[in-house]
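Enquirer: One structure is given below, represented as structure tokens, and several questions about it will come after.
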Amino acid sequence: MLRLAIGICAAISLPAQTTFTKDVAPILQQNCQACHRPGEAAPFSLLTYEQARPWAKAIKSAVLQKKMPPWFADPKFGKFSNEASLSQREIDTLVAWVDGGAPLGEPQDMPAPKQFVEGWRIPKPDIIFQLPKPFPVPATGVLQYKYVIIPTGFTKDVWVEQAQARPTNHGAVHHIVAYVRTPGSNYFKDMPKNEFFEAPPAKQDGAKPPKDDVPNDWLTGYAPGQPPDMFKPGQAKLIPAGSDIVLEIHYVPQGMATTDQSRLGLVLAKEPPTERAMTLSAGNMTFKIPPGDPNFRVDSSFTVPEDVTLLGMHPHMHMRGKSAEYRIVFPDGKTEALLNVPHYNWHWQLWYDLAEPIKMPKGTKVECTEHFDNSKNNPENPDASKTVIWGQQSFDEMMVCMFNVTFDARISTEQMLAPDRPTPAATADAR
């Protein structure tokens, strides 16, 4: 009788066959299909069984090694609303499916297809700006950043709730940055509009360029793995009336001549927000990474000039990037560790959005530490014998720690980006 009971319990505990329709498709919909679908950066689609089945062994390998979905935050520090790592149960499910022969399952178990806006990871844009013509990317060579000034034609202030920059040719584009150039700005003041150009060289007479009365504002960016800017209702970024969009694009030849005509999509707020969103950064451009140094430390910080709420963080480095940490130091001296990325991967430029945004009173300091591996042991390092400094190309380095904040929508751009000349928040024009 005891043996019979044990046999019955064992039979009950055996899991049913893991199938694509019932078990795997929901995981792919939730975690993979945003990128693994036609027109996106991933090299193959996972929308259907027929598309996923040939990649079964690769899926198993990727999830066991935790290479996919990409996520690099140390779980000991911070909780994040956009955490992309799979749960152990999800990993076990995918492995069991592959080990069981990757069966399809019953058609009626298949969940309804997840709906996407073709060409975008945001809802259908209200406004789309596009490069005036395709840019010819050569097969080889090193290209300097290309810029295009696109007039918005906005006759009144526009509030942007979601924004996405995206290439039409993902393989040829290393990154895109969309800046808001406000009226009267000296940023590329004399450069033509709706034409590709490179940043003019610095003047040889030593004269400094005129300081902008209204600083330029980062609207959104694109790099592999970087999500769109998406804010909650009541939060939005500002494009003041009469502004231009300056698109900065870094093209990377891939061995075959091709073209790209990148786009910028905007979803507008339905009404003026109470909170303005802005991307700020703590950067360091003065570092010199010695030849062969396997763990060179670079620090930066940014002190917020007004009360803000911290939403998320985005460390940025190039080939030698090794690790990144964010901390905040409150005005009373209290310090809190927010993010630790012990194994930075420059191929995946991720944002880490806080599950619980943090209020940072005026005077709070955002501190950032990044380490670089300039040794021969770094397989990404193009030349361990050289001292490495700041530069735009991937074989140079950058030390940038971006972060998104929201604040009272009445606070001006000047107050946040040029706080040496503040004006009272209650009376400041939001431009």
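Each chain of the structure tokens is named A, B, ... in the order shown, its residues numbered from 1; ligands are numbered from 1 in display order.
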Can you pull out every residue within 10 Å of Pro253 in chain A, counting only C-alpha atoms, but drop anything in the same chain fewer than 4 positions away, and send it as a list in words?
Expert: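 Once the adjacent positions are removed, what remains is Val137, Pro138, Ala139, Thr140, Gly141, Val142, Leu143, Gly171, Ala172, Val173, His174, Ala257 and Thr258 of chain A.
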Enquirer: Neighbours of Pro183 in chain A within 6 Å (only C-alpha atoms; same-chain residues fewer than 2 positions away dropped), as a PyMOL selection string?
Expert: chain A and resi 185+242-243
Enquirer: Apply DSSP to the backbone of this structure and, from range 235-409 of chain A, keep only the residues in strand (DSSP E); write these as a PyMOL selection string.
Expert: chain A and resi 235-239+244-251+258-260+263-268+275-283+296-303+308-316+321-329+335-341+352-360+365-372+400-408
Enquirer: List the neighbours of range 117-119 of chain A out to 8 Å using only C-alpha atoms; skip same-chain residues closer than 5 positions along the sequence, and give me the result as a list in words.
Expert: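 The residues satisfying every condition are Gly39, Glu40 and Lys124 of chain A.
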Enquirer: Give me, as a compact mmCIF listing (two decimals) with C-alpha atoms, in the first residue's frame, all polymer residues having an atom no more than 12 Å from range 159-161 of chain A, counting only C-alpha atoms and skipping those fewer than 3 positions away in the same chain.
Expert:
```txt
# COMPACT_ATOMS: atom_id res chain seq x y z
CA ILE A 122 6.24 53.26 -28.41
CA PRO A 123 2.56 53.74 -29.32
CA PRO A 125 3.71 58.52 -32.83
CA ASP A 126 1.75 61.74 -33.11
CA ILE A 127 4.70 63.36 -34.89
CA PHE A 154 6.23 74.33 -33.44
CA LYS A 156 3.70 76.75 -29.21
CA GLN A 164 11.97 57.13 -29.70
CA VAL A 180 16.34 70.18 -28.43
CA LEU A 219 15.41 64.65 -25.80
CA THR A 220 16.10 60.95 -26.39
CA PRO A 228 12.70 54.70 -25.71
CA ASP A 229 11.93 57.51 -23.30
CA MET A 230 8.52 56.64 -21.86
CA PHE A 231 6.99 58.66 -19.03
CA LYS A 232 3.79 58.35 -17.04
CA PRO A 233 0.78 60.61 -17.69
CA GLY A 234 1.46 63.90 -15.96
CA GLN A 235 5.19 63.68 -16.80
CA ALA A 236 6.71 64.90 -20.07
CA LYS A 237 9.73 66.49 -21.73
CA LEU A 238 9.45 69.99 -23.13
CA ILE A 239 10.13 71.21 -26.66
CA PRO A 240 9.71 75.00 -26.50
CA ALA A 241 8.01 76.84 -29.35
CA LEU A 264 12.35 60.33 -34.44
CA GLY A 265 8.85 59.56 -33.19
CA LEU A 266 7.02 61.60 -30.54
CA VAL A 267 3.92 60.76 -28.54
CA LEU A 268 2.54 64.02 -27.15
CA ALA A 269 1.02 64.57 -23.72
CA LYS A 270 -2.72 65.05 -23.87
CA GLU A 271 -2.46 68.05 -21.53
CA PRO A 272 0.35 70.09 -19.97
CA PRO A 273 2.04 67.99 -17.28
CA THR A 274 2.58 68.87 -13.65
CA GLU A 275 6.05 67.32 -13.77
CA ARG A 276 8.71 68.06 -16.33
CA ALA A 277 11.08 65.20 -17.23
CA MET A 278 14.72 65.80 -18.10
CA ALA A 409 7.05 71.86 -14.56
CA ALA A 430 9.07 76.89 -18.39
CA ARG A 431 11.31 77.57 -21.35
```
Enquirer: Just checking: using only C-alpha atoms, which residue out of A:Lys22, A:Arg263, A:Lys67, A:Arg121 ends up closest to Trp348 in chain A?
Expert: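 The answer is A:Lys67, which sits nearest to Trp348 in chain A.
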Enquirer: Which distance in Å separates CA of Ala56 in chain A and CA of Pro224 in chain A, to one decimal?
Expert: 23.3 Å
Enquirer: For range 25-38 of chain A, work out the shell of residues within 10 Å, counting only C-alpha atoms and skipping chain neighbours fewer than 6 positions away, then give it as JSON, numbers by chain.
Expert: {"A": [19, 44, 45, 46, 47, 48, 49, 51, 52, 68, 69, 83, 84, 85, 86, 90, 91, 93, 94, 104, 109, 110, 111, 112, 113, 114, 115, 116, 118, 119, 120, 121, 225]}
Enquirer: Take the residues from that selection and write them out as a short mmCIF file (atom, residue, chain, number, x, y, z; two decimals), in the first residue's frame, keeping N, CA and C atoms.
Expert:
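Below you can see again08.cif, which holds the result:
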```cif
data_model
loop_
_atom_site.label_atom_id
_atom_site.label_comp_id
_atom_site.auth_asym_id
_atom_site.auth_seq_id
_atom_site.Cartn_x
_atom_site.Cartn_y
_atom_site.Cartn_z
N THR A 19 5.24 22.80 -23.56
CA THR A 19 5.00 23.07 -24.98
C THR A 19 5.17 24.55 -25.30
N PHE A 44 16.84 37.67 -35.43
CA PHE A 44 15.78 36.75 -35.86
C PHE A 44 14.52 37.02 -35.06
N SER A 45 13.40 36.55 -35.59
CA SER A 45 12.10 36.80 -34.98
C SER A 45 11.68 35.61 -34.11
N LEU A 46 10.95 35.92 -33.04
CA LEU A 46 10.41 34.89 -32.15
C LEU A 46 8.90 35.05 -31.97
N LEU A 47 8.23 35.53 -33.01
CA LEU A 47 6.79 35.75 -32.91
C LEU A 47 6.00 34.46 -33.02
N THR A 48 6.52 33.48 -33.75
CA THR A 48 5.76 32.26 -34.00
C THR A 48 6.62 31.03 -33.66
N TYR A 49 5.95 29.89 -33.57
CA TYR A 49 6.66 28.63 -33.33
C TYR A 49 7.62 28.34 -34.48
N GLN A 51 9.20 30.33 -36.31
CA GLN A 51 10.38 31.17 -36.23
C GLN A 51 11.27 30.78 -35.06
N ALA A 52 10.69 30.36 -33.96
CA ALA A 52 11.46 30.07 -32.75
C ALA A 52 12.11 28.69 -32.77
N MET A 68 20.75 36.42 -22.32
CA MET A 68 19.49 36.96 -22.81
C MET A 68 18.40 36.68 -21.80
N PRO A 69 17.46 37.62 -21.62
CA PRO A 69 17.55 39.01 -22.06
C PRO A 69 18.70 39.73 -21.34
N GLU A 83 13.36 45.50 -14.93
CA GLU A 83 14.32 44.40 -14.87
C GLU A 83 13.98 43.35 -15.91
N ALA A 84 14.96 43.01 -16.73
CA ALA A 84 14.72 42.14 -17.87
C ALA A 84 15.16 40.70 -17.63
N SER A 85 15.81 40.43 -16.51
CA SER A 85 16.30 39.07 -16.29
C SER A 85 15.13 38.12 -16.08
N LEU A 86 15.28 36.89 -16.57
CA LEU A 86 14.24 35.89 -16.42
C LEU A 86 14.27 35.31 -15.01
N GLU A 90 11.13 30.67 -15.26
CA GLU A 90 11.08 30.90 -16.70
C GLU A 90 12.25 30.22 -17.41
N ILE A 91 13.44 30.31 -16.80
CA ILE A 91 14.60 29.63 -17.37
C ILE A 91 14.37 28.13 -17.41
N THR A 93 11.61 26.54 -17.52
CA THR A 93 10.58 26.23 -18.51
C THR A 93 11.16 26.16 -19.92
N LEU A 94 11.97 27.16 -20.28
CA LEU A 94 12.56 27.17 -21.61
C LEU A 94 13.51 25.99 -21.80
N LEU A 104 5.36 21.71 -30.26
CA LEU A 104 4.44 22.83 -30.50
C LEU A 104 3.37 22.92 -29.42
N ASP A 109 -4.06 26.42 -26.95
CA ASP A 109 -3.31 26.96 -25.82
C ASP A 109 -2.51 28.21 -26.17
N MET A 110 -2.40 28.51 -27.45
CA MET A 110 -1.58 29.63 -27.88
C MET A 110 -2.22 30.96 -27.45
N PRO A 111 -1.50 31.83 -26.73
CA PRO A 111 -2.07 33.13 -26.35
C PRO A 111 -2.26 34.02 -27.57
N ALA A 112 -3.15 34.98 -27.44
CA ALA A 112 -3.35 35.93 -28.53
C ALA A 112 -2.05 36.67 -28.81
N PRO A 113 -1.75 36.95 -30.07
CA PRO A 113 -0.50 37.64 -30.40
C PRO A 113 -0.40 38.99 -29.69
N LYS A 114 0.78 39.31 -29.23
CA LYS A 114 1.00 40.61 -28.62
C LYS A 114 1.01 41.67 -29.71
N GLN A 115 0.34 42.77 -29.46
CA GLN A 115 0.21 43.81 -30.47
C GLN A 115 1.35 44.82 -30.38
N PHE A 116 2.00 45.08 -31.49
CA PHE A 116 3.07 46.07 -31.57
C PHE A 116 2.72 47.07 -32.67
N GLU A 118 4.01 48.71 -35.73
CA GLU A 118 5.09 48.37 -36.65
C GLU A 118 6.08 49.54 -36.78
N GLY A 119 7.34 49.21 -36.57
CA GLY A 119 8.39 50.22 -36.70
C GLY A 119 8.70 50.98 -35.43
N TRP A 120 7.96 50.70 -34.32
CA TRP A 120 8.16 51.48 -33.10
C TRP A 120 8.01 50.59 -31.88
N ARG A 121 8.66 51.00 -30.78
CA ARG A 121 8.45 50.36 -29.48
C ARG A 121 7.59 51.24 -28.58
N GLY A 225 20.04 48.10 -27.33
CA GLY A 225 19.54 47.81 -25.99
C GLY A 225 18.90 48.98 -25.28
#
```
Enquirer: Which value, in Å to one decimal, gives the distance between CA of Tyr145 in chain A and CA of Pro382 in chain A?
Expert: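 Separation of CA of Tyr145 in chain A and CA of Pro382 in chain A: 20.2 Å.
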Enquirer: May I have the residues within 9 Å of Ala96 in chain A as a PDB file with all heavy atoms, in the first residue's frame, using only C-alpha atoms and disregarding those fewer than 6 positions away in the same chain?
Expert:
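Contents of around_30.pdb, as written:
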```
ATOM      1  N   GLN A  17       4.062  17.818 -20.096  1.00  0.00           N
ATOM      2  CA  GLN A  17       4.995  18.176 -21.165  1.00  0.00           C
ATOM      3  C   GLN A  17       4.986  19.694 -21.392  1.00  0.00           C
ATOM      4  O   GLN A  17       3.932  20.319 -21.471  1.00  0.00           O
ATOM      5  CB  GLN A  17       4.607  17.461 -22.453  1.00  0.00           C
ATOM      6  CG  GLN A  17       5.604  17.709 -23.588  1.00  0.00           C
ATOM      7  CD  GLN A  17       5.124  17.102 -24.890  1.00  0.00           C
ATOM      8  OE1 GLN A  17       3.948  17.228 -25.237  1.00  0.00           O
ATOM      9  NE2 GLN A  17       6.032  16.442 -25.607  1.00  0.00           N
ATOM     10  N   THR A  18       6.179  20.259 -21.444  1.00  0.00           N
ATOM     11  CA  THR A  18       6.306  21.689 -21.689  1.00  0.00           C
ATOM     12  C   THR A  18       6.179  21.941 -23.186  1.00  0.00           C
ATOM     13  O   THR A  18       6.924  21.369 -23.990  1.00  0.00           O
ATOM     14  CB  THR A  18       7.667  22.204 -21.179  1.00  0.00           C
ATOM     15  OG1 THR A  18       7.809  21.874 -19.791  1.00  0.00           O
ATOM     16  CG2 THR A  18       7.774  23.696 -21.357  1.00  0.00           C
ATOM     17  N   THR A  19       5.245  22.804 -23.557  1.00  0.00           N
ATOM     18  CA  THR A  19       4.998  23.065 -24.977  1.00  0.00           C
ATOM     19  C   THR A  19       5.172  24.548 -25.297  1.00  0.00           C
ATOM     20  O   THR A  19       5.152  25.407 -24.412  1.00  0.00           O
ATOM     21  CB  THR A  19       3.579  22.644 -25.380  1.00  0.00           C
ATOM     22  OG1 THR A  19       2.625  23.490 -24.712  1.00  0.00           O
ATOM     23  CG2 THR A  19       3.312  21.191 -25.020  1.00  0.00           C
ATOM     24  N   LYS A  60      18.196  27.974 -25.329  1.00  0.00           N
ATOM     25  CA  LYS A  60      18.596  27.291 -24.097  1.00  0.00           C
ATOM     26  C   LYS A  60      19.955  27.783 -23.624  1.00  0.00           C
ATOM     27  O   LYS A  60      20.140  28.112 -22.441  1.00  0.00           O
ATOM     28  CB  LYS A  60      18.645  25.777 -24.329  1.00  0.00           C
ATOM     29  CG  LYS A  60      19.184  24.987 -23.143  1.00  0.00           C
ATOM     30  CD  LYS A  60      19.263  23.491 -23.447  1.00  0.00           C
ATOM     31  CE  LYS A  60      19.958  22.747 -22.306  1.00  0.00           C
ATOM     32  NZ  LYS A  60      20.049  21.286 -22.561  1.00  0.00           N
ATOM     33  N   ALA A 102      11.323  20.426 -27.991  1.00  0.00           N
ATOM     34  CA  ALA A 102      10.711  21.679 -28.458  1.00  0.00           C
ATOM     35  C   ALA A 102       9.379  21.457 -29.168  1.00  0.00           C
ATOM     36  O   ALA A 102       9.186  21.878 -30.307  1.00  0.00           O
ATOM     37  CB  ALA A 102      11.693  22.434 -29.363  1.00  0.00           C
TER      38      ALA A 102
END
```
Enquirer: Which is closer to Ser300 in chain A than all the others in A:Leu280, A:Val63, A:Met313, A:Met399, using only C-alpha atoms?
Expert: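 The answer is A:Met399, which sits nearest to Ser300 in chain A.
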Enquirer: Using only C-alpha atoms, find the one residue out of A:Leu417, A:Cys401, A:Met319, A:Val304 that sits nearest to Pro361 in chain A.
Expert: A:Val304
